[in-house]
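Asks: One file: entry.cif (mmCIF, C-alpha atoms and all ligand atoms).
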data_final
#
loop_
_atom_site.label_atom_id
_atom_site.label_comp_id
_atom_site.auth_asym_id
_atom_site.auth_seq_id
_atom_site.Cartn_x
_atom_site.Cartn_y
_atom_site.Cartn_z
CA MET A 1 91.12 97.25 -52.05
CA ARG A 2 91.41 100.95 -52.82
CA ILE A 3 89.55 102.13 -55.91
CA LEU A 4 89.89 105.47 -57.62
CA GLY A 5 86.58 106.28 -59.34
CA ILE A 6 86.44 108.62 -62.35
CA GLU A 7 83.18 109.90 -63.85
CA THR A 8 82.96 112.23 -66.87
CA SER A 9 80.02 110.88 -68.89
CA CYS A 10 78.00 114.07 -68.95
CA ASP A 11 78.25 117.42 -67.19
CA GLU A 12 79.67 116.36 -63.84
CA THR A 13 83.39 115.84 -63.37
CA ALA A 14 83.83 113.58 -60.36
CA ILE A 15 86.63 111.69 -58.66
CA CYS A 16 86.63 109.63 -55.49
CA LEU A 17 88.75 107.18 -53.61
CA ILE A 18 87.03 104.40 -51.70
CA GLU A 19 88.27 101.44 -49.76
CA ALA A 20 86.12 98.35 -50.18
CA ASN A 21 86.40 94.82 -48.87
CA GLY A 22 84.46 91.57 -48.99
CA SER A 23 82.01 90.28 -51.53
CA PHE A 24 78.46 91.36 -52.24
CA GLY A 25 75.85 89.62 -50.14
CA ASN A 26 78.45 88.43 -47.62
CA ASP A 27 80.93 90.57 -45.80
CA PHE A 28 81.04 93.57 -48.13
CA GLU A 29 81.75 97.01 -46.67
CA PHE A 30 83.29 100.24 -47.89
CA ARG A 31 84.57 103.62 -46.73
CA ILE A 32 84.84 106.85 -48.67
CA LEU A 33 88.36 108.18 -48.30
CA GLY A 34 87.95 111.15 -50.60
CA ASN A 35 85.23 112.44 -52.88
CA SER A 36 84.99 115.54 -55.03
CA LEU A 37 82.82 116.79 -57.84
CA ILE A 38 82.46 119.84 -60.03
CA SER A 39 79.14 120.38 -61.74
CA GLN A 40 79.20 122.15 -65.09
CA ILE A 41 75.58 123.21 -64.83
CA ALA A 42 76.37 126.92 -64.90
CA VAL A 43 78.58 126.47 -67.98
CA HIS A 44 75.86 124.72 -69.98
CA ALA A 45 72.84 126.62 -68.66
CA GLN A 46 73.04 129.24 -71.42
CA TYR A 47 72.63 126.50 -74.06
CA GLY A 48 69.65 124.89 -72.31
CA GLY A 49 71.40 121.52 -72.39
CA VAL A 50 74.82 119.92 -72.29
CA PHE A 51 77.14 121.02 -75.07
CA PRO A 52 79.49 118.02 -75.63
CA ASN A 53 82.67 119.86 -76.63
CA LEU A 54 82.29 122.30 -73.81
CA ALA A 55 81.82 119.38 -71.41
CA LYS A 56 85.01 117.81 -72.77
CA ARG A 57 86.98 121.02 -72.22
CA GLU A 58 85.66 121.45 -68.68
CA HIS A 59 86.46 117.84 -67.74
CA GLY A 60 90.01 118.37 -69.02
CA ARG A 61 90.27 121.44 -66.85
CA ASN A 62 88.74 119.90 -63.72
CA LEU A 63 90.20 116.41 -63.45
CA VAL A 64 93.63 117.18 -62.02
CA PRO A 65 92.36 119.66 -59.36
CA LEU A 66 89.72 117.11 -58.35
CA LEU A 67 92.29 114.33 -58.12
CA GLU A 68 94.41 116.58 -55.95
CA GLN A 69 91.44 117.40 -53.72
CA THR A 70 90.41 113.75 -53.42
CA LEU A 71 93.92 112.63 -52.50
CA ARG A 72 94.24 115.44 -49.97
CA GLN A 73 90.99 114.36 -48.30
CA SER A 74 92.24 110.81 -48.13
CA GLY A 75 95.44 111.94 -46.45
CA GLN A 76 97.47 110.58 -49.34
CA PHE A 77 98.67 113.76 -50.86
CA THR A 78 102.36 113.63 -50.11
CA VAL A 79 105.03 115.67 -51.78
CA ASP A 80 107.47 113.34 -53.45
CA SER A 81 110.79 113.00 -51.66
CA GLY A 82 112.55 112.25 -54.89
CA GLN A 83 112.41 108.48 -54.85
CA LYS A 84 109.06 108.05 -56.40
CA LYS A 85 109.14 110.64 -59.12
CA ILE A 86 107.42 110.01 -62.40
CA GLY A 87 109.49 107.60 -64.34
CA THR A 88 111.47 106.28 -61.42
CA ALA A 89 108.64 104.87 -59.31
CA ASN A 90 107.99 102.10 -61.77
CA SER A 91 111.47 101.95 -63.17
CA VAL A 92 110.22 103.23 -66.46
CA ASN A 93 112.29 105.57 -68.52
CA SER A 94 110.93 108.99 -67.62
CA LYS A 95 111.48 110.48 -71.05
CA LEU A 96 109.56 107.67 -72.67
CA LEU A 97 106.82 108.11 -70.14
CA THR A 98 106.56 111.80 -70.83
CA VAL A 99 106.38 111.16 -74.55
CA ASN A 100 103.77 108.43 -74.06
CA LEU A 101 101.75 110.67 -71.80
CA LYS A 102 101.86 113.48 -74.31
CA ASN A 103 100.69 111.17 -77.09
CA LEU A 104 97.98 109.72 -74.92
CA LEU A 105 96.62 113.14 -74.06
CA ALA A 106 97.17 114.72 -77.47
CA ARG A 107 93.49 115.62 -77.66
CA GLU A 108 93.35 116.95 -74.12
CA PRO A 109 96.17 119.53 -74.07
CA GLU A 110 94.95 121.29 -70.94
CA LEU A 111 94.73 117.99 -69.09
CA TYR A 112 98.23 117.07 -70.23
CA GLU A 113 99.68 120.35 -69.03
CA LYS A 114 98.08 120.02 -65.60
CA LEU A 115 99.05 116.39 -65.25
CA ALA A 116 102.63 117.06 -66.33
CA VAL A 117 102.92 119.56 -63.48
CA PHE A 118 101.09 117.38 -60.96
CA LEU A 119 102.70 113.99 -61.47
CA PRO A 120 106.39 114.75 -60.84
CA LYS A 121 105.57 116.60 -57.64
CA TYR A 122 103.68 113.94 -55.71
CA ALA A 123 104.27 110.41 -54.58
CA LYS A 124 102.30 107.56 -56.05
CA PRO A 125 99.21 107.13 -53.86
CA GLU A 126 97.99 103.82 -52.52
CA ILE A 127 95.45 102.87 -55.17
CA ASP A 128 94.82 99.31 -56.33
CA VAL A 129 92.39 99.87 -59.19
CA ILE A 130 91.18 102.72 -61.37
CA ALA A 131 87.47 102.50 -62.23
CA VAL A 132 86.38 104.72 -65.10
CA THR A 133 83.03 105.26 -66.84
CA VAL A 134 83.22 104.10 -70.47
CA GLY A 135 79.55 104.63 -71.36
CA PRO A 136 76.76 105.37 -71.89
CA GLY A 137 77.16 109.12 -72.20
CA LEU A 138 78.59 111.83 -74.41
CA GLU A 139 81.58 110.34 -76.21
CA PRO A 140 83.81 113.44 -76.20
CA ALA A 141 83.19 113.73 -72.46
CA LEU A 142 83.75 110.01 -71.79
CA TRP A 143 87.06 110.06 -73.67
CA VAL A 144 88.55 112.64 -71.32
CA GLY A 145 87.93 110.44 -68.28
CA ILE A 146 89.18 107.36 -70.13
CA ASN A 147 92.38 109.03 -71.28
CA PHE A 148 92.94 110.38 -67.80
CA ALA A 149 92.54 106.87 -66.39
CA ARG A 150 94.96 105.49 -69.01
CA ALA A 151 97.51 108.17 -68.17
CA LEU A 152 97.36 107.42 -64.44
CA SER A 153 97.45 103.71 -65.12
CA LEU A 154 100.56 104.14 -67.25
CA VAL A 155 102.42 106.32 -64.79
CA TRP A 156 101.40 104.60 -61.58
CA ASN A 157 101.14 101.09 -63.00
CA ILE A 158 97.61 100.49 -61.73
CA PRO A 159 95.04 98.31 -63.54
CA ILE A 160 91.81 99.73 -64.95
CA VAL A 161 88.25 98.43 -64.87
CA ALA A 162 85.72 99.82 -67.35
CA VAL A 163 82.42 100.75 -65.72
CA ASN A 164 78.95 101.00 -67.22
CA HIS A 165 77.50 104.23 -65.84
CA MET A 166 74.04 102.65 -65.46
CA GLU A 167 75.41 99.82 -63.34
CA GLY A 168 76.79 102.57 -61.12
CA HIS A 169 73.28 104.03 -60.76
CA VAL A 170 71.96 100.59 -59.71
CA VAL A 171 74.73 99.83 -57.21
CA ILE A 172 74.63 103.23 -55.50
CA ALA A 173 70.92 102.79 -54.77
CA LEU A 174 71.80 99.74 -52.68
CA ILE A 175 73.81 101.66 -50.07
CA HIS A 176 72.43 100.77 -46.69
CA ASN A 177 70.86 103.93 -45.29
CA ASP A 178 70.15 103.13 -41.65
CA GLU A 179 73.00 105.23 -40.38
CA GLY A 180 71.56 108.24 -42.19
CA PHE A 181 74.08 108.14 -45.01
CA ARG A 182 74.56 111.62 -46.37
CA CYS A 183 77.36 112.29 -48.72
CA GLN A 184 78.01 115.88 -49.64
CA VAL A 185 79.19 115.87 -53.21
CA SER A 186 79.46 119.58 -53.94
CA GLY A 187 82.63 121.31 -55.08
CA ASN A 188 83.98 121.63 -51.55
CA SER A 189 82.83 118.27 -50.42
CA GLU A 190 84.10 116.43 -47.40
CA SER A 191 84.83 112.77 -47.34
CA LYS A 192 82.73 110.64 -45.03
CA THR A 193 84.33 108.61 -42.34
CA GLY A 194 81.63 105.98 -41.78
CA THR A 195 81.71 102.42 -43.01
CA TYR A 196 78.82 101.41 -45.23
CA ASN A 197 77.47 98.26 -46.75
CA LEU A 198 74.86 97.42 -49.37
CA GLU A 199 71.32 96.14 -48.99
CA PRO A 200 70.92 92.45 -49.73
CA ILE A 201 68.92 91.62 -52.84
CA THR A 202 66.19 89.04 -53.19
CA TYR A 203 66.08 88.14 -56.87
CA PRO A 204 64.68 88.81 -59.37
CA LEU A 205 65.70 92.43 -59.01
CA LEU A 206 63.91 95.09 -61.03
CA SER A 207 65.73 98.39 -61.62
CA LEU A 208 63.88 101.47 -62.78
CA LEU A 209 66.59 103.71 -64.19
CA ILE A 210 65.47 107.27 -64.74
CA SER A 211 67.95 109.94 -65.69
CA GLY A 212 68.64 112.70 -68.19
CA GLY A 213 69.60 110.16 -70.83
CA HIS A 214 67.74 106.99 -69.82
CA THR A 215 64.37 105.57 -68.90
CA GLU A 216 64.69 101.83 -68.54
CA LEU A 217 63.21 98.89 -66.71
CA VAL A 218 65.92 96.31 -66.20
CA LEU A 219 65.60 92.81 -64.77
CA SER A 220 68.45 91.06 -62.97
CA ARG A 221 68.09 87.39 -62.12
CA GLN A 222 71.50 87.47 -60.52
CA TRP A 223 74.24 89.90 -59.51
CA GLN A 224 75.72 91.85 -62.47
CA GLU A 225 73.34 90.35 -65.03
CA TYR A 226 70.87 92.59 -66.79
CA GLU A 227 67.97 92.19 -69.21
CA ILE A 228 66.34 95.36 -70.52
CA LEU A 229 62.58 94.87 -70.34
CA GLY A 230 61.54 98.26 -71.60
CA ALA A 231 62.98 101.65 -72.46
CA THR A 232 61.91 105.01 -73.75
CA ARG A 233 61.19 105.22 -77.45
CA ASP A 234 62.04 108.92 -77.57
CA ASP A 235 62.89 111.36 -74.77
CA ALA A 236 64.23 110.16 -71.43
CA VAL A 237 62.18 111.18 -68.43
CA GLY A 238 64.85 113.58 -67.12
CA GLU A 239 65.07 115.12 -70.57
CA ALA A 240 61.28 115.64 -70.53
CA PHE A 241 61.52 117.26 -67.08
CA ASP A 242 64.27 119.56 -68.37
CA LYS A 243 62.43 120.49 -71.59
CA VAL A 244 59.15 121.20 -69.82
CA ALA A 245 61.02 123.20 -67.18
CA ARG A 246 62.52 125.25 -69.98
CA LEU A 247 59.08 125.90 -71.47
CA LEU A 248 58.10 127.27 -68.06
CA GLY A 249 61.14 129.53 -68.03
CA LEU A 250 63.08 127.57 -65.38
CA PRO A 251 66.89 127.35 -65.64
CA TYR A 252 68.62 124.18 -66.88
CA PRO A 253 68.51 121.44 -65.63
CA GLY A 254 65.00 122.09 -64.46
CA GLY A 255 63.94 118.71 -63.03
CA ALA A 256 64.32 119.66 -59.38
CA SER A 257 62.84 123.18 -59.77
CA LEU A 258 59.89 121.85 -61.79
CA SER A 259 59.24 119.37 -59.01
CA ALA A 260 59.43 122.15 -56.40
CA LEU A 261 56.83 124.11 -58.39
CA ALA A 262 54.56 121.06 -58.55
CA LYS A 263 54.87 120.64 -54.79
CA LYS A 264 53.89 124.27 -54.27
CA ALA A 265 50.87 123.75 -56.52
CA ARG A 266 49.73 120.78 -54.41
CA LEU A 267 50.08 122.82 -51.24
CA CYS A 268 47.83 125.63 -52.51
CA ASP A 269 45.48 123.29 -54.33
CA GLU A 270 42.20 125.04 -53.53
CA ALA A 271 43.42 128.43 -54.65
CA SER A 272 44.35 127.32 -58.17
CA PRO A 273 41.85 128.40 -60.85
CA HIS A 274 43.55 126.20 -63.44
CA ARG A 275 42.94 122.58 -64.26
CA ILE A 276 45.30 121.18 -66.85
CA THR A 277 45.01 117.70 -68.32
CA LEU A 278 47.99 116.02 -69.91
CA PRO A 279 48.21 112.57 -71.50
CA ARG A 280 49.73 109.53 -69.73
CA PRO A 281 51.70 108.24 -72.72
CA MET A 282 51.69 104.46 -73.28
CA ILE A 283 50.15 103.81 -69.87
CA HIS A 284 47.74 101.21 -71.30
CA ASP A 285 50.22 99.83 -73.80
CA ASP A 286 51.13 96.17 -73.36
CA SER A 287 54.85 96.76 -73.64
CA LEU A 288 57.15 98.00 -70.88
CA ASP A 289 58.35 100.83 -73.08
CA PHE A 290 57.90 104.52 -72.43
CA SER A 291 57.44 107.64 -74.52
CA PHE A 292 57.71 111.16 -73.16
CA ALA A 293 58.11 113.31 -76.28
CA GLY A 294 54.32 113.64 -76.73
CA LEU A 295 53.93 114.84 -73.18
CA LYS A 296 56.42 117.60 -73.79
CA THR A 297 54.63 118.56 -77.04
CA ALA A 298 51.30 118.68 -75.19
CA VAL A 299 52.86 121.06 -72.66
CA ARG A 300 54.25 123.19 -75.47
CA ARG A 301 50.76 123.56 -76.96
CA ILE A 302 49.30 124.64 -73.63
CA VAL A 303 52.14 127.12 -73.16
CA GLU A 304 51.55 128.58 -76.64
CA ILE A 305 47.83 129.00 -76.00
CA HIS A 306 48.20 130.57 -72.57
CA SER A 307 51.34 132.59 -73.09
CA PRO A 308 52.42 134.68 -71.22
CA LEU A 309 51.99 132.19 -68.42
CA SER A 310 50.83 133.35 -65.03
CA ASP A 311 52.57 131.89 -61.98
CA GLU A 312 49.43 129.88 -61.16
CA MET A 313 49.39 128.45 -64.67
CA LYS A 314 53.04 127.44 -64.41
CA MET A 315 52.34 125.70 -61.12
CA ALA A 316 49.33 123.89 -62.57
CA ILE A 317 51.37 122.66 -65.55
CA ALA A 318 54.25 121.53 -63.35
CA ARG A 319 51.90 119.60 -61.09
CA GLU A 320 50.03 117.88 -63.90
CA PHE A 321 53.27 117.04 -65.70
CA GLU A 322 54.78 115.47 -62.58
CA ASP A 323 51.55 113.56 -61.91
CA ALA A 324 51.48 112.24 -65.49
CA VAL A 325 55.11 111.10 -65.41
CA THR A 326 54.70 109.53 -61.98
CA GLU A 327 51.58 107.61 -62.96
CA VAL A 328 53.26 106.19 -66.04
CA LEU A 329 56.44 105.21 -64.18
CA VAL A 330 54.51 103.60 -61.32
CA LYS A 331 52.13 101.71 -63.62
CA LYS A 332 54.89 100.32 -65.81
CA THR A 333 57.05 99.38 -62.84
CA LEU A 334 54.17 97.49 -61.26
CA ARG A 335 53.44 95.73 -64.54
CA ALA A 336 57.09 94.67 -64.80
CA VAL A 337 57.02 93.44 -61.19
CA GLU A 338 53.94 91.33 -61.89
CA GLU A 339 55.09 89.99 -65.24
CA HIS A 340 58.53 88.97 -64.02
CA GLY A 341 57.89 88.20 -60.37
CA ALA A 342 60.41 90.80 -59.15
CA ARG A 343 61.12 90.63 -55.41
CA THR A 344 63.30 93.72 -55.01
CA VAL A 345 62.85 97.07 -56.75
CA VAL A 346 65.64 99.60 -57.09
CA VAL A 347 65.32 103.09 -58.53
CA GLY A 348 68.38 104.89 -59.86
CA GLY A 349 69.45 107.92 -61.90
CA GLY A 350 69.04 111.65 -61.37
CA VAL A 351 65.23 111.61 -61.50
CA SER A 352 65.14 109.12 -58.63
CA ALA A 353 65.82 112.16 -56.41
CA ASN A 354 62.20 113.17 -57.10
CA SER A 355 60.20 112.93 -53.87
CA HIS A 356 56.79 112.66 -55.58
CA ILE A 357 57.92 109.67 -57.64
CA ARG A 358 59.50 108.11 -54.54
CA LEU A 359 56.33 108.48 -52.50
CA HIS A 360 53.96 107.07 -55.10
CA LEU A 361 56.18 104.19 -56.10
CA ALA A 362 56.64 103.22 -52.46
CA GLU A 363 52.86 103.33 -51.88
CA ALA A 364 52.12 101.26 -54.97
CA LEU A 365 54.69 98.60 -54.06
CA GLU A 366 53.39 98.40 -50.52
CA LYS A 367 49.87 97.83 -51.88
CA ALA A 368 51.28 95.08 -54.08
CA GLY A 369 52.79 93.43 -50.99
CA LEU A 370 56.40 94.15 -51.94
CA PRO A 371 59.15 95.51 -49.72
CA PRO A 372 59.83 99.25 -50.10
CA PRO A 373 61.82 100.22 -53.17
CA LEU A 374 65.49 101.08 -52.68
CA PHE A 375 66.52 104.61 -53.59
CA PRO A 376 69.92 106.25 -53.55
CA SER A 377 70.59 108.94 -50.99
CA PRO A 378 69.25 112.04 -52.86
CA ASP A 379 72.71 113.60 -53.14
CA LEU A 380 74.01 110.43 -54.78
CA ALA A 381 71.07 110.09 -57.19
CA THR A 382 72.69 112.34 -59.77
CA ASP A 383 76.04 111.50 -61.34
CA ASN A 384 78.99 111.03 -58.99
CA ALA A 385 82.20 109.02 -58.76
CA ILE A 386 81.26 106.87 -55.77
CA MET A 387 78.80 104.90 -57.89
CA ILE A 388 81.55 104.28 -60.45
CA ALA A 389 84.10 103.20 -57.84
CA LEU A 390 81.58 100.85 -56.22
CA ALA A 391 80.52 99.21 -59.48
CA GLY A 392 84.22 99.10 -60.42
CA TYR A 393 85.11 97.30 -57.19
CA PHE A 394 82.80 94.40 -58.01
CA ARG A 395 84.14 94.27 -61.57
CA ALA A 396 87.68 94.21 -60.17
CA GLN A 397 86.68 91.33 -57.92
CA ASN A 398 85.82 89.39 -61.09
CA ARG A 399 89.24 90.46 -62.40
CA ASP A 400 87.54 92.22 -65.31
CA PHE A 401 90.62 94.36 -65.94
CA VAL A 402 90.92 95.95 -69.36
CA ASN A 403 93.91 96.54 -71.56
CA PRO A 404 94.39 100.34 -71.35
CA ASP A 405 95.12 100.47 -75.08
CA MET A 406 91.83 98.78 -75.89
CA ILE A 407 89.37 100.82 -73.83
CA LYS A 408 87.07 103.05 -75.77
CA ALA A 409 84.17 105.32 -75.07
CA GLU A 410 80.81 103.79 -75.95
CA GLY A 411 78.15 106.47 -76.04
CA ASN A 412 75.33 103.94 -76.40
CA LEU A 413 76.68 101.22 -74.14
CA ARG A 414 73.87 99.00 -72.84
CA LEU A 415 73.62 97.16 -69.57
O1 LIG A 501 71.67 110.74 -63.60
P1 LIG A 501 71.84 112.17 -63.94
O2 LIG A 501 72.62 113.04 -62.99
O3 LIG A 501 72.53 112.36 -65.32
C1 LIG A 501 72.35 111.49 -66.38
O4 LIG A 501 73.02 110.41 -66.38
O5 LIG A 501 71.52 111.83 -67.23
O6 LIG A 501 70.37 112.77 -64.14
C2 LIG A 501 70.15 114.13 -64.42
C3 LIG A 501 68.64 114.36 -64.61
C4 LIG A 501 68.32 115.76 -65.15
O7 LIG A 501 67.45 115.60 -66.24
C5 LIG A 501 67.63 116.42 -63.96
O8 LIG A 501 66.69 117.40 -64.33
C6 LIG A 501 66.96 115.25 -63.30
O9 LIG A 501 67.94 114.22 -63.36
N1 LIG A 501 66.59 115.50 -61.91
C7 LIG A 501 65.31 115.50 -61.46
C8 LIG A 501 65.36 115.81 -60.08
N2 LIG A 501 66.67 115.97 -59.74
C9 LIG A 501 67.41 115.76 -60.86
N3 LIG A 501 64.16 115.29 -62.12
C10 LIG A 501 63.02 115.36 -61.40
N4 LIG A 501 62.97 115.65 -60.09
C11 LIG A 501 64.10 115.87 -59.38
N5 LIG A 501 64.05 116.14 -58.08
ZN ZN A 502 73.63 109.30 -64.74
#
In C-alpha cells, how does this file's structure come out?
Ligand code: KG4
Ligand code: ZN
Replies:
Amino acid sequence: MRILGIETSCDETAICLIEANGSFGNDFEFRILGNSLISQIAVHAQYGGVFPNLAKREHGRNLVPLLEQTLRQSGQFTVDSGQKKIGTANSVNSKLLTVNLKNLLAREPELYEKLAVFLPKYAKPEIDVIAVTVGPGLEPALWVGINFARALSLVWNIPIVAVNHMEGHVVIALIHNDEGFRCQVSGNSESKTGTYNLEPITYPLLSLLISGGHTELVLSRQWQEYEILGATRDDAVGEAFDKVARLLGLPYPGGASLSALAKKARLCDEASPHRITLPRPMIHDDSLDFSFAGLKTAVRRIVEIHSPLSDEMKMAIAREFEDAVTEVLVKKTLRAVEEHGARTVVVGGGVSANSHIRLHLAEALEKAGLPPPLFPSPDLATDNAIMIALAGYFRAQNRDFVNPDMIKAEGNLRL
C-alpha cells in the first residue's frame, strides 16, 4: 500500500510517500519513496513562537512544491500525456471539478492557484491512501493540510485517513534502528532506499510524549489503544525549553541550543563559579501530572536578579534547568512504569531528541530491570510526514477511512 503523508499541525510543512506492507507485530515493513519538509522556524523566530496565521499562509505556499518534490523523489512525477488530465482521469466533469476545488480551497487562495497549475500538468501518481494530521495542533495550520488532502482526494479519487499527530510520534519511535536508520528531513532531503520495520511491543506500553505542545504519559494495553495517565497542567516541556531559551537570549525554538549550552556547562564543570538551584515541580506529587510554568518563572527571577547575564551564568542556568526537567520526567516515567506494570517504554515528540533526557531515562529503566526505552531517530523526533504516513497506514488497515466532507481540524484532539 502506498501512503501519502501530510503534516501541517504546527510550523513544519511536510509531505512523504511511503510503501508499507504487512501488519504490525507480524510481517510489517516499509520503504520511504519520497520525503520532504520545509521548516518555518526562520519565519516565526521574530515572534518568539509560532504565529498561527503566518503558519497557515506558509503551509499554503509550501504544500504543492513539497508534493512535487516528493513525487519526483519517488520517480512518479510524470508529465501527463493527455489521457489522465484533471477531470478525465476519473471521468469527472472537469469544470465541476475545478469549481469544487475552488470552493474547497476558498480559504487557501495561494494553495488553490498552485494546485490549479500543478494538477492538469501531471499524471495521477500511484497512491492508495492519503494520511493527514487532523489534530492536535494549531487549527488554522491543520485546516490547510486537511483541505489539501480533500482536494487531492477529490481529484485523484483516493481515500483519506485522519491521523492523530501524537499517535504519529509514538509509531515513529518504534522504527527498528539496527541498520542505522537516518532520514534526512531537511528542505533538500533525499528519500531513503532501505526497508524498515518496527520494534515489537511487549504490553503494557508506556509512551512519554514530550513536545512543544504536549507532555503526556500514555498507557497502551494493546495496539492503537491509549489511556492518558498524566499530562502537564500548564506549559509543555518543549514550551518551557523554548521560553527559558528565550530568557537566555537564544533564538526560537531554543530547546536544542539550550541543551547544547547545558552540555557545555557539564564539560567545564570545575570552572563554573555559579551554582543555581531550580525546583523540580511536582516531583513528589502522587499524580502522574506535570507542571513546568513555575520552573520557567523561577528562571525568570534568576535572570532578573543577575541581568545582564554572563556566559557562565547562562550555562549554569541551562544546565540546572535541563537537570530539573530530566529528573522530573525520569521520576514520573518510573512511577508510571511501576504503577501500571509497563513492559515497554517509548519516548516521542521533539524533546525526545534531547540526549541528556535519553541518557538518564535509559539508565533509570536499566536500573529498574526494564529493556532500554525506544526513541525515534533524532531527525524524526520533531514533526515530519513519515510519522503521519506510518500511523495512517495502520489506520487504513483497519479501514478507518473518513468522509472527506466530514473531516475537521481538532486543535485539542486527544489520543
Ligand atoms: O514535536 P515537535 O517538533 O513539535 C510539536 O509537536 O510541538 O517538538 C518541538 C519542540 C520544541 O519545543 C523544541 O524546542 C523541542 O521540541 N526540542 C528540544 C530538542 N530538540 C527539539 N528540546 C530539548 N532538547 C532538544 N534537543
Ligand atoms: Zn509534534
Asks: At a cut-off of 12 Å, using all atoms listed in the file, what residues contact A:Ile160? Leave out same-chain residues fewer than 5 positions from it and give the result as a PDB file with C-alpha atoms, in the coordinates of the input.
Replies:
ATOM      1  CA  ILE A   3      89.550 102.130 -55.910  1.00  0.00           C
ATOM      2  CA  LEU A   4      89.890 105.470 -57.620  1.00  0.00           C
ATOM      3  CA  GLY A   5      86.580 106.280 -59.340  1.00  0.00           C
ATOM      4  CA  ILE A   6      86.440 108.620 -62.350  1.00  0.00           C
ATOM      5  CA  ILE A 127      95.450 102.870 -55.170  1.00  0.00           C
ATOM      6  CA  ASP A 128      94.820  99.310 -56.330  1.00  0.00           C
ATOM      7  CA  VAL A 129      92.390  99.870 -59.190  1.00  0.00           C
ATOM      8  CA  ILE A 130      91.180 102.720 -61.370  1.00  0.00           C
ATOM      9  CA  ALA A 131      87.470 102.500 -62.230  1.00  0.00           C
ATOM     10  CA  VAL A 132      86.380 104.720 -65.100  1.00  0.00           C
ATOM     11  CA  THR A 133      83.030 105.260 -66.840  1.00  0.00           C
ATOM     12  CA  VAL A 134      83.220 104.100 -70.470  1.00  0.00           C
ATOM     13  CA  GLY A 145      87.930 110.440 -68.280  1.00  0.00           C
ATOM     14  CA  ILE A 146      89.180 107.360 -70.130  1.00  0.00           C
ATOM     15  CA  ASN A 147      92.380 109.030 -71.280  1.00  0.00           C
ATOM     16  CA  PHE A 148      92.940 110.380 -67.800  1.00  0.00           C
ATOM     17  CA  ALA A 149      92.540 106.870 -66.390  1.00  0.00           C
ATOM     18  CA  ARG A 150      94.960 105.490 -69.010  1.00  0.00           C
ATOM     19  CA  ALA A 151      97.510 108.170 -68.170  1.00  0.00           C
ATOM     20  CA  LEU A 152      97.360 107.420 -64.440  1.00  0.00           C
ATOM     21  CA  SER A 153      97.450 103.710 -65.120  1.00  0.00           C
ATOM     22  CA  LEU A 154     100.560 104.140 -67.250  1.00  0.00           C
ATOM     23  CA  ALA A 389      84.100 103.200 -57.840  1.00  0.00           C
ATOM     24  CA  GLY A 392      84.220  99.100 -60.420  1.00  0.00           C
ATOM     25  CA  TYR A 393      85.110  97.300 -57.190  1.00  0.00           C
ATOM     26  CA  ARG A 395      84.140  94.270 -61.570  1.00  0.00           C
ATOM     27  CA  ALA A 396      87.680  94.210 -60.170  1.00  0.00           C
ATOM     28  CA  ARG A 399      89.240  90.460 -62.400  1.00  0.00           C
ATOM     29  CA  ASP A 400      87.540  92.220 -65.310  1.00  0.00           C
ATOM     30  CA  PHE A 401      90.620  94.360 -65.940  1.00  0.00           C
ATOM     31  CA  VAL A 402      90.920  95.950 -69.360  1.00  0.00           C
ATOM     32  CA  ASN A 403      93.910  96.540 -71.560  1.00  0.00           C
ATOM     33  CA  PRO A 404      94.390 100.340 -71.350  1.00  0.00           C
ATOM     34  CA  ASP A 405      95.120 100.470 -75.080  1.00  0.00           C
ATOM     35  CA  MET A 406      91.830  98.780 -75.890  1.00  0.00           C
ATOM     36  CA  ILE A 407      89.370 100.820 -73.830  1.00  0.00           C
TER      37      ILE A 407
END
Asks: Need the shell around A:Gly341: protein/DNA/RNA residues with any atom at most 12 Å away, counting only C-alpha atoms. Skip same-chain ones fewer than 6 positions apart. Format as a VMD selection string?
Replies: chain A and resid 202 to 206 219 to 221 333 to 335 368 to 370
Asks: Output C-alpha atoms of each residue in that selection to a file, as an mmCIF file, in the coordinates of the input.
Replies:
data_model
loop_
_atom_site.group_PDB
_atom_site.id
_atom_site.type_symbol
_atom_site.label_atom_id
_atom_site.label_comp_id
_atom_site.auth_asym_id
_atom_site.auth_seq_id
_atom_site.Cartn_x
_atom_site.Cartn_y
_atom_site.Cartn_z
ATOM 1 C CA THR A 202 66.190 89.040 -53.190
ATOM 2 C CA TYR A 203 66.080 88.140 -56.870
ATOM 3 C CA PRO A 204 64.680 88.810 -59.370
ATOM 4 C CA LEU A 205 65.700 92.430 -59.010
ATOM 5 C CA LEU A 206 63.910 95.090 -61.030
ATOM 6 C CA LEU A 219 65.600 92.810 -64.770
ATOM 7 C CA SER A 220 68.450 91.060 -62.970
ATOM 8 C CA ARG A 221 68.090 87.390 -62.120
ATOM 9 C CA THR A 333 57.050 99.380 -62.840
ATOM 10 C CA LEU A 334 54.170 97.490 -61.260
ATOM 11 C CA ARG A 335 53.440 95.730 -64.540
ATOM 12 C CA ALA A 368 51.280 95.080 -54.080
ATOM 13 C CA GLY A 369 52.790 93.430 -50.990
ATOM 14 C CA LEU A 370 56.400 94.150 -51.940
#
Asks: Within 8 Å of ligand LIG 501 (chain A), which residues show up when you count all atoms listed in the file? List them as a VMD selection string, please.
Replies: chain A and resid 9 to 12 137 165 to 166 169 210 to 214 237 to 242 252 to 260 348 to 355 381 to 384
Asks: With all atoms of stretch 153-166 of chain A from the file as input, state the centre and edge lengths in Å to one decimal of the axis-aligned box that has 6 Å extra on each side, as lines of an AutoDock Vina configuration file.
Replies:
center_x = 88.2
center_y = 102.3
center_z = -64.5
size_x = 40.4
size_y = 20.0
size_z = 17.8
Asks: For A:Thr195, list every protein, DNA or RNA residue within 8 Å, evaluated using all atoms listed in the file, and leave out those in the same chain fewer than 6 positions away; present the list as a PDB file with C-alpha atoms, keeping the file's coordinate frame.
Replies:
ATOM      1  CA  GLU A  29      81.750  97.010 -46.670  1.00  0.00           C
ATOM      2  CA  PHE A  30      83.290 100.240 -47.890  1.00  0.00           C
ATOM      3  CA  ARG A  31      84.570 103.620 -46.730  1.00  0.00           C
ATOM      4  CA  ILE A  32      84.840 106.850 -48.670  1.00  0.00           C
TER       5      ILE A  32
END
Asks: Counting only C-alpha atoms, figure out which residue out of A:Ala14, A:Ile175, A:Leu63, A:Val99 gets nearest to A:Val144.
Replies: A:Leu63
Asks: From the list A:Ala231, A:Ala262, A:Leu37, A:Ala316, which residue is nearest A:His356 when using only C-alpha atoms?
Replies: A:Ala262
Asks: Between atom CA of A:Ser207 and atom CA of A:Val170, what is the spacing in Å?
Replies: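 Distance reported for this atom pair: 6.9 Å.
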